[in-house]
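What follows is coords-v1.json (JSON, C-alpha atoms).
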[["chain", "number", "residue", "atom", "x", "y", "z"],
["A", 20, "MET", "CA", -32.69, 24.25, -2.42],
["A", 21, "ILE", "CA", -33.88, 25.17, 1.05],
["A", 22, "LEU", "CA", -31.60, 22.58, 2.64],
["A", 23, "ALA", "CA", -28.65, 23.70, 0.49],
["A", 24, "ALA", "CA", -29.25, 27.34, 1.42],
["A", 25, "GLY", "CA", -29.56, 26.50, 5.11],
["A", 26, "LEU", "CA", -26.43, 24.38, 5.04],
["A", 27, "ARG", "CA", -24.48, 27.16, 3.28],
["A", 28, "GLY", "CA", -25.64, 29.60, 5.93],
["A", 29, "VAL", "CA", -24.50, 27.33, 8.74],
["A", 30, "GLN", "CA", -21.17, 26.53, 7.09],
["A", 31, "GLU", "CA", -20.36, 30.15, 6.35],
["A", 32, "GLY", "CA", -21.85, 31.60, 9.54],
["A", 33, "TYR", "CA", -24.44, 33.85, 7.88],
["A", 34, "GLU", "CA", -26.07, 36.29, 10.27],
["A", 35, "LEU", "CA", -29.85, 36.26, 10.23],
["A", 36, "PRO", "CA", -31.56, 39.63, 9.88],
["A", 37, "PRO", "CA", -33.82, 40.71, 12.72],
["A", 38, "PRO", "CA", -37.36, 39.33, 12.48],
["A", 39, "ALA", "CA", -39.98, 41.53, 10.84],
["A", 40, "GLU", "CA", -42.16, 43.10, 13.51],
["A", 41, "ASP", "CA", -44.36, 44.93, 11.00],
["A", 42, "ASP", "CA", -47.22, 43.69, 8.89],
["A", 43, "VAL", "CA", -45.02, 44.02, 5.82],
["A", 44, "TRP", "CA", -47.89, 43.83, 3.33],
["A", 45, "SER", "CA", -49.73, 46.75, 4.95],
["A", 46, "LEU", "CA", -46.72, 49.01, 4.28],
["A", 47, "SER", "CA", -46.31, 50.98, 1.08],
["A", 48, "GLU", "CA", -43.44, 50.12, -1.27],
["A", 49, "ALA", "CA", -41.55, 53.20, -0.06],
["A", 50, "GLU", "CA", -42.07, 52.21, 3.60],
["A", 51, "ARG", "CA", -40.81, 48.68, 2.91],
["A", 52, "ARG", "CA", -37.69, 50.03, 1.20],
["A", 53, "ALA", "CA", -37.06, 52.48, 4.07],
["A", 54, "ALA", "CA", -37.36, 49.61, 6.57],
["A", 55, "GLY", "CA", -34.85, 47.58, 4.56],
["A", 56, "TYR", "CA", -37.27, 44.94, 3.27],
["A", 57, "ASP", "CA", -36.23, 43.67, -0.15],
["A", 58, "SER", "CA", -38.97, 42.93, -2.66],
["A", 59, "LEU", "CA", -39.44, 39.46, -4.02],
["A", 60, "PRO", "CA", -39.59, 38.97, -7.78],
["A", 61, "GLN", "CA", -42.98, 40.07, -9.10],
["A", 62, "ASN", "CA", -43.19, 37.58, -11.95],
["A", 63, "LEU", "CA", -41.47, 34.56, -13.45],
["A", 64, "GLY", "CA", -39.22, 36.75, -15.62],
["A", 65, "GLU", "CA", -37.83, 38.59, -12.61],
["A", 66, "ALA", "CA", -37.45, 35.31, -10.72],
["A", 67, "LEU", "CA", -35.47, 33.84, -13.60],
["A", 68, "THR", "CA", -33.16, 36.85, -13.63],
["A", 69, "GLU", "CA", -32.45, 36.26, -9.94],
["A", 70, "LEU", "CA", -31.98, 32.55, -10.57],
["A", 71, "GLU", "CA", -29.49, 33.20, -13.38],
["A", 72, "ASN", "CA", -27.34, 35.13, -10.89],
["A", 73, "SER", "CA", -27.40, 32.41, -8.21],
["A", 74, "GLU", "CA", -24.19, 30.45, -7.82],
["A", 75, "LEU", "CA", -25.83, 28.45, -5.03],
["A", 76, "VAL", "CA", -28.59, 27.16, -7.33],
["A", 77, "ALA", "CA", -26.12, 26.31, -10.09],
["A", 78, "GLU", "CA", -23.87, 24.45, -7.65],
["A", 79, "THR", "CA", -26.77, 22.63, -5.99],
["A", 80, "LEU", "CA", -28.52, 21.50, -9.16],
["A", 81, "GLY", "CA", -25.40, 20.95, -11.23],
["A", 82, "GLU", "CA", -24.76, 22.81, -14.47],
["A", 83, "HIS", "CA", -26.69, 20.40, -16.70],
["A", 84, "VAL", "CA", -29.93, 20.48, -14.65],
["A", 85, "TYR", "CA", -29.53, 24.20, -13.95],
["A", 86, "ASP", "CA", -29.22, 25.05, -17.66],
["A", 87, "PHE", "CA", -32.10, 22.73, -18.57],
["A", 88, "PHE", "CA", -34.34, 24.23, -15.90],
["A", 89, "LEU", "CA", -33.55, 27.82, -16.94],
["A", 90, "ARG", "CA", -34.09, 27.05, -20.61],
["A", 91, "ASN", "CA", -37.49, 25.44, -19.97],
["A", 92, "LYS", "CA", -38.64, 28.23, -17.66],
["A", 93, "ARG", "CA", -37.63, 30.86, -20.24],
["A", 94, "VAL", "CA", -39.80, 29.06, -22.82],
["A", 95, "GLU", "CA", -42.65, 29.01, -20.29],
["A", 96, "TRP", "CA", -42.24, 32.74, -19.55],
["A", 97, "ASP", "CA", -42.08, 33.64, -23.25],
["A", 98, "GLY", "CA", -45.28, 31.66, -23.87],
["A", 99, "TYR", "CA", -47.04, 33.36, -20.99],
["A", 100, "ARG", "CA", -46.00, 36.85, -22.13],
["A", 101, "SER", "CA", -47.29, 36.23, -25.65],
["A", 102, "GLU", "CA", -50.75, 35.22, -24.39],
["A", 103, "VAL", "CA", -53.56, 37.78, -24.53],
["A", 104, "THR", "CA", -55.46, 37.47, -21.26],
["A", 105, "PRO", "CA", -59.20, 37.95, -20.72],
["A", 106, "TYR", "CA", -58.33, 41.03, -18.65],
["A", 107, "GLU", "CA", -56.43, 42.55, -21.57],
["A", 108, "LEU", "CA", -59.29, 41.79, -23.94],
["A", 109, "ARG", "CA", -61.86, 43.24, -21.54],
["A", 110, "THR", "CA", -59.93, 46.43, -20.83],
["A", 111, "GLY", "CA", -57.97, 47.03, -24.02],
["A", 112, "LEU", "CA", -60.27, 45.93, -26.81],
["A", 113, "PRO", "CA", -63.01, 48.50, -26.11],
["A", 114, "VAL", "CA", -60.44, 51.30, -26.38],
["A", 115, "LEU", "CA", -59.59, 50.28, -29.92]]

How would this structure read if it were set down as structure tokens?
Amino acid sequence: MILAAGLRGVQEGYELPPPAEDDVWSLSEAERRAAGYDSLPQNLGEALTELENSELVAETLGEHVYDFFLRNKRVEWDGYRSEVTPYELRTGLPVL
């Protein structure tokens, strides 16, 4: 994917953004937005939403592999979301 993205950028003459001069992680969310830094997906579900909207990924992997990959990752995400974590047990169970 990285090679395909780089090649697309070269072929289509994409302009690189200026390098980040800030310690991006020391900034608040509002400061990052004001500076024009886009947030990365915060979990697999958000990443899959981005992936579903990527023509580059679909073209690079081919429709069959792309669909298979998305389907399997959706199953993985659904399984993860249905799991009760130790944190949830520790913090939520005493409230009940």

Exercise for the section: Between CA of Glu50 (chain A) and CA of Leu67 (chain A), measure the distance and give it in Å to one decimal. Expected result: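 Separating CA of Glu50 (chain A) from CA of Leu67 (chain A) is a distance of 26.0 Å.
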
For region 63-75 of chain A, take all atoms listed in the file, fit an axis-aligned box around them, add 5 Å to each of the six sides, then output centre and edge lengths in Å rounded to one decimal, as AutoDock Vina command-line options.
--center_x -32.8 --center_y 33.5 --center_z -10.3 --size_x 27.3 --size_y 20.1 --size_z 20.6

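Among the candidate residues A:Pro105, A:Gly25, A:Pro60, A:Gly55, the one lying nearest to Ala39 (chain A) is A:Gly55, with distances computed using only C-alpha atoms.
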
Exercise for the section: One decimal, Å: what's the distance from CA of Ala23 (chain A) over to CA of Thr79 (chain A), could you say? Expected result: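 Between CA of Ala23 (chain A) and CA of Thr79 (chain A) the gap is 6.8 Å.
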
Tell me, as a PDB file with C-alpha atoms, in the coordinates of the input, which residues lie within 12 Å of Pro38 (chain A), counting only C-alpha atoms; anything in the same chain fewer than 5 positions away does not count.
ATOM      1  CA  VAL A  43     -45.020  44.020   5.820  1.00  0.00           C
ATOM      2  CA  ALA A  54     -37.360  49.610   6.570  1.00  0.00           C
ATOM      3  CA  GLY A  55     -34.850  47.580   4.560  1.00  0.00           C
ATOM      4  CA  TYR A  56     -37.270  44.940   3.270  1.00  0.00           C
TER       5      TYR A  56
END

Handout entry: Distance of CA of Leu70 (chain A) from CA of Val94 (chain A), expressed in Å to one decimal place
Key = 14.9 Å

Problem - Which residue of A:Ala53, A:Asn72, A:Glu40, A:Glu78 approaches Met20 (chain A) most closely, using all atoms listed in the file - result: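 Using all atoms listed in the file, the shortest distance to Met20 (chain A) belongs to A:Glu78.
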
Exercise for the section: Return the single residue from A:Val84, A:Val114, A:Leu108, A:Leu75 that is closest to Gly28 (chain A), with distances computed using all atoms listed in the file. Expected result: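 Of the candidates, the smallest distance to Gly28 (chain A) is held by A:Leu75.
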
Problem - A:Glu71, A:Pro36, A:Leu26, A:Phe87 ranked by distance to Asp57 (chain A), top pick (using all atoms listed in the file) - result: A:Pro36

Export N, CA, C and O atoms of region 54-83 of chain A from the structure just given, as a tab-separated table (two decimals), in the first residue's frame?
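Here's the written file decode.tsv:
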chain	number	residue	atom	x	y	z
A	54	ALA	N	-4.17	23.93	13.71
A	54	ALA	CA	-2.93	23.87	12.92
A	54	ALA	C	-3.09	23.09	11.63
A	54	ALA	O	-2.17	23.02	10.82
A	55	GLY	N	-4.26	22.48	11.44
A	55	GLY	CA	-4.52	21.75	10.20
A	55	GLY	C	-4.08	20.30	10.23
A	55	GLY	O	-3.97	19.67	9.18
A	56	TYR	N	-3.82	19.75	11.42
A	56	TYR	CA	-3.43	18.35	11.52
A	56	TYR	C	-4.69	17.49	11.60
A	56	TYR	O	-5.50	17.65	12.49
A	57	ASP	N	-4.84	16.58	10.65
A	57	ASP	CA	-5.96	15.66	10.67
A	57	ASP	C	-5.69	14.55	11.68
A	57	ASP	O	-4.55	14.10	11.83
A	58	SER	N	-6.75	14.09	12.33
A	58	SER	CA	-6.62	12.98	13.27
A	58	SER	C	-6.63	11.66	12.52
A	58	SER	O	-7.30	11.52	11.51
A	59	LEU	N	-5.87	10.73	13.04
A	59	LEU	CA	-5.91	9.37	12.52
A	59	LEU	C	-7.11	8.66	13.13
A	59	LEU	O	-7.62	9.07	14.18
A	60	PRO	N	-7.57	7.58	12.51
A	60	PRO	CA	-8.65	6.81	13.12
A	60	PRO	C	-8.27	6.37	14.53
A	60	PRO	O	-7.12	6.02	14.80
A	61	GLN	N	-9.24	6.40	15.44
A	61	GLN	CA	-8.97	6.09	16.84
A	61	GLN	C	-9.19	4.63	17.18
A	61	GLN	O	-8.86	4.18	18.27
A	62	ASN	N	-9.79	3.88	16.25
A	62	ASN	CA	-10.02	2.46	16.51
A	62	ASN	C	-10.20	1.75	15.17
A	62	ASN	O	-10.24	2.39	14.11
A	63	LEU	N	-10.33	0.44	15.23
A	63	LEU	CA	-10.45	-0.34	14.00
A	63	LEU	C	-11.72	0.02	13.24
A	63	LEU	O	-11.71	0.06	12.00
A	64	GLY	N	-12.80	0.32	13.92
A	64	GLY	CA	-14.04	0.69	13.25
A	64	GLY	C	-13.88	1.94	12.42
A	64	GLY	O	-14.32	1.99	11.26
A	65	GLU	N	-13.24	2.96	12.98
A	65	GLU	CA	-13.00	4.19	12.22
A	65	GLU	C	-12.04	3.94	11.06
A	65	GLU	O	-12.21	4.51	9.97
A	66	ALA	N	-11.04	3.10	11.28
A	66	ALA	CA	-10.09	2.79	10.22
A	66	ALA	C	-10.79	2.06	9.07
A	66	ALA	O	-10.51	2.33	7.90
A	67	LEU	N	-11.71	1.18	9.39
A	67	LEU	CA	-12.45	0.48	8.35
A	67	LEU	C	-13.34	1.41	7.56
A	67	LEU	O	-13.50	1.26	6.35
A	68	THR	N	-13.92	2.40	8.22
A	68	THR	CA	-14.73	3.38	7.52
A	68	THR	C	-13.88	4.14	6.50
A	68	THR	O	-14.29	4.36	5.36
A	69	GLU	N	-12.67	4.53	6.91
A	69	GLU	CA	-11.75	5.19	5.98
A	69	GLU	C	-11.37	4.26	4.83
A	69	GLU	O	-11.32	4.67	3.68
A	70	LEU	N	-11.10	3.02	5.17
A	70	LEU	CA	-10.69	2.04	4.17
A	70	LEU	C	-11.80	1.80	3.14
A	70	LEU	O	-11.53	1.66	1.95
A	71	GLU	N	-13.04	1.77	3.59
A	71	GLU	CA	-14.17	1.57	2.69
A	71	GLU	C	-14.31	2.70	1.68
A	71	GLU	O	-14.87	2.50	0.60
A	72	ASN	N	-13.78	3.86	2.00
A	72	ASN	CA	-13.87	5.02	1.12
A	72	ASN	C	-12.61	5.22	0.27
A	72	ASN	O	-12.48	6.25	-0.39
A	73	SER	N	-11.70	4.26	0.30
A	73	SER	CA	-10.43	4.40	-0.41
A	73	SER	C	-10.44	3.68	-1.75
A	73	SER	O	-10.39	2.45	-1.80
A	74	GLU	N	-10.49	4.46	-2.82
A	74	GLU	CA	-10.38	3.87	-4.15
A	74	GLU	C	-8.99	3.29	-4.38
A	74	GLU	O	-8.84	2.27	-5.04
A	75	LEU	N	-7.98	3.95	-3.81
A	75	LEU	CA	-6.60	3.48	-3.98
A	75	LEU	C	-6.43	2.07	-3.42
A	75	LEU	O	-5.84	1.21	-4.06
A	76	VAL	N	-6.95	1.81	-2.23
A	76	VAL	CA	-6.82	0.49	-1.63
A	76	VAL	C	-7.56	-0.55	-2.47
A	76	VAL	O	-7.04	-1.63	-2.74
A	77	ALA	N	-8.77	-0.21	-2.89
A	77	ALA	CA	-9.56	-1.15	-3.71
A	77	ALA	C	-8.83	-1.47	-5.01
A	77	ALA	O	-8.76	-2.63	-5.44
A	78	GLU	N	-8.27	-0.45	-5.65
A	78	GLU	CA	-7.55	-0.67	-6.91
A	78	GLU	C	-6.27	-1.48	-6.69
A	78	GLU	O	-5.93	-2.35	-7.49
A	79	THR	N	-5.57	-1.19	-5.60
A	79	THR	CA	-4.29	-1.86	-5.34
A	79	THR	C	-4.49	-3.32	-4.98
A	79	THR	O	-3.78	-4.19	-5.48
A	80	LEU	N	-5.45	-3.60	-4.12
A	80	LEU	CA	-5.67	-4.98	-3.68
A	80	LEU	C	-6.48	-5.79	-4.68
A	80	LEU	O	-6.39	-7.02	-4.68
A	81	GLY	N	-7.27	-5.12	-5.48
A	81	GLY	CA	-8.22	-5.83	-6.34
A	81	GLY	C	-9.51	-6.03	-5.56
A	81	GLY	O	-9.50	-6.19	-4.33
A	82	GLU	N	-10.63	-6.01	-6.26
A	82	GLU	CA	-11.94	-6.05	-5.58
A	82	GLU	C	-12.11	-7.29	-4.71
A	82	GLU	O	-12.64	-7.21	-3.61
A	83	HIS	N	-11.68	-8.46	-5.19
A	83	HIS	CA	-11.88	-9.69	-4.44
A	83	HIS	C	-11.15	-9.66	-3.09
A	83	HIS	O	-11.73	-9.93	-2.05
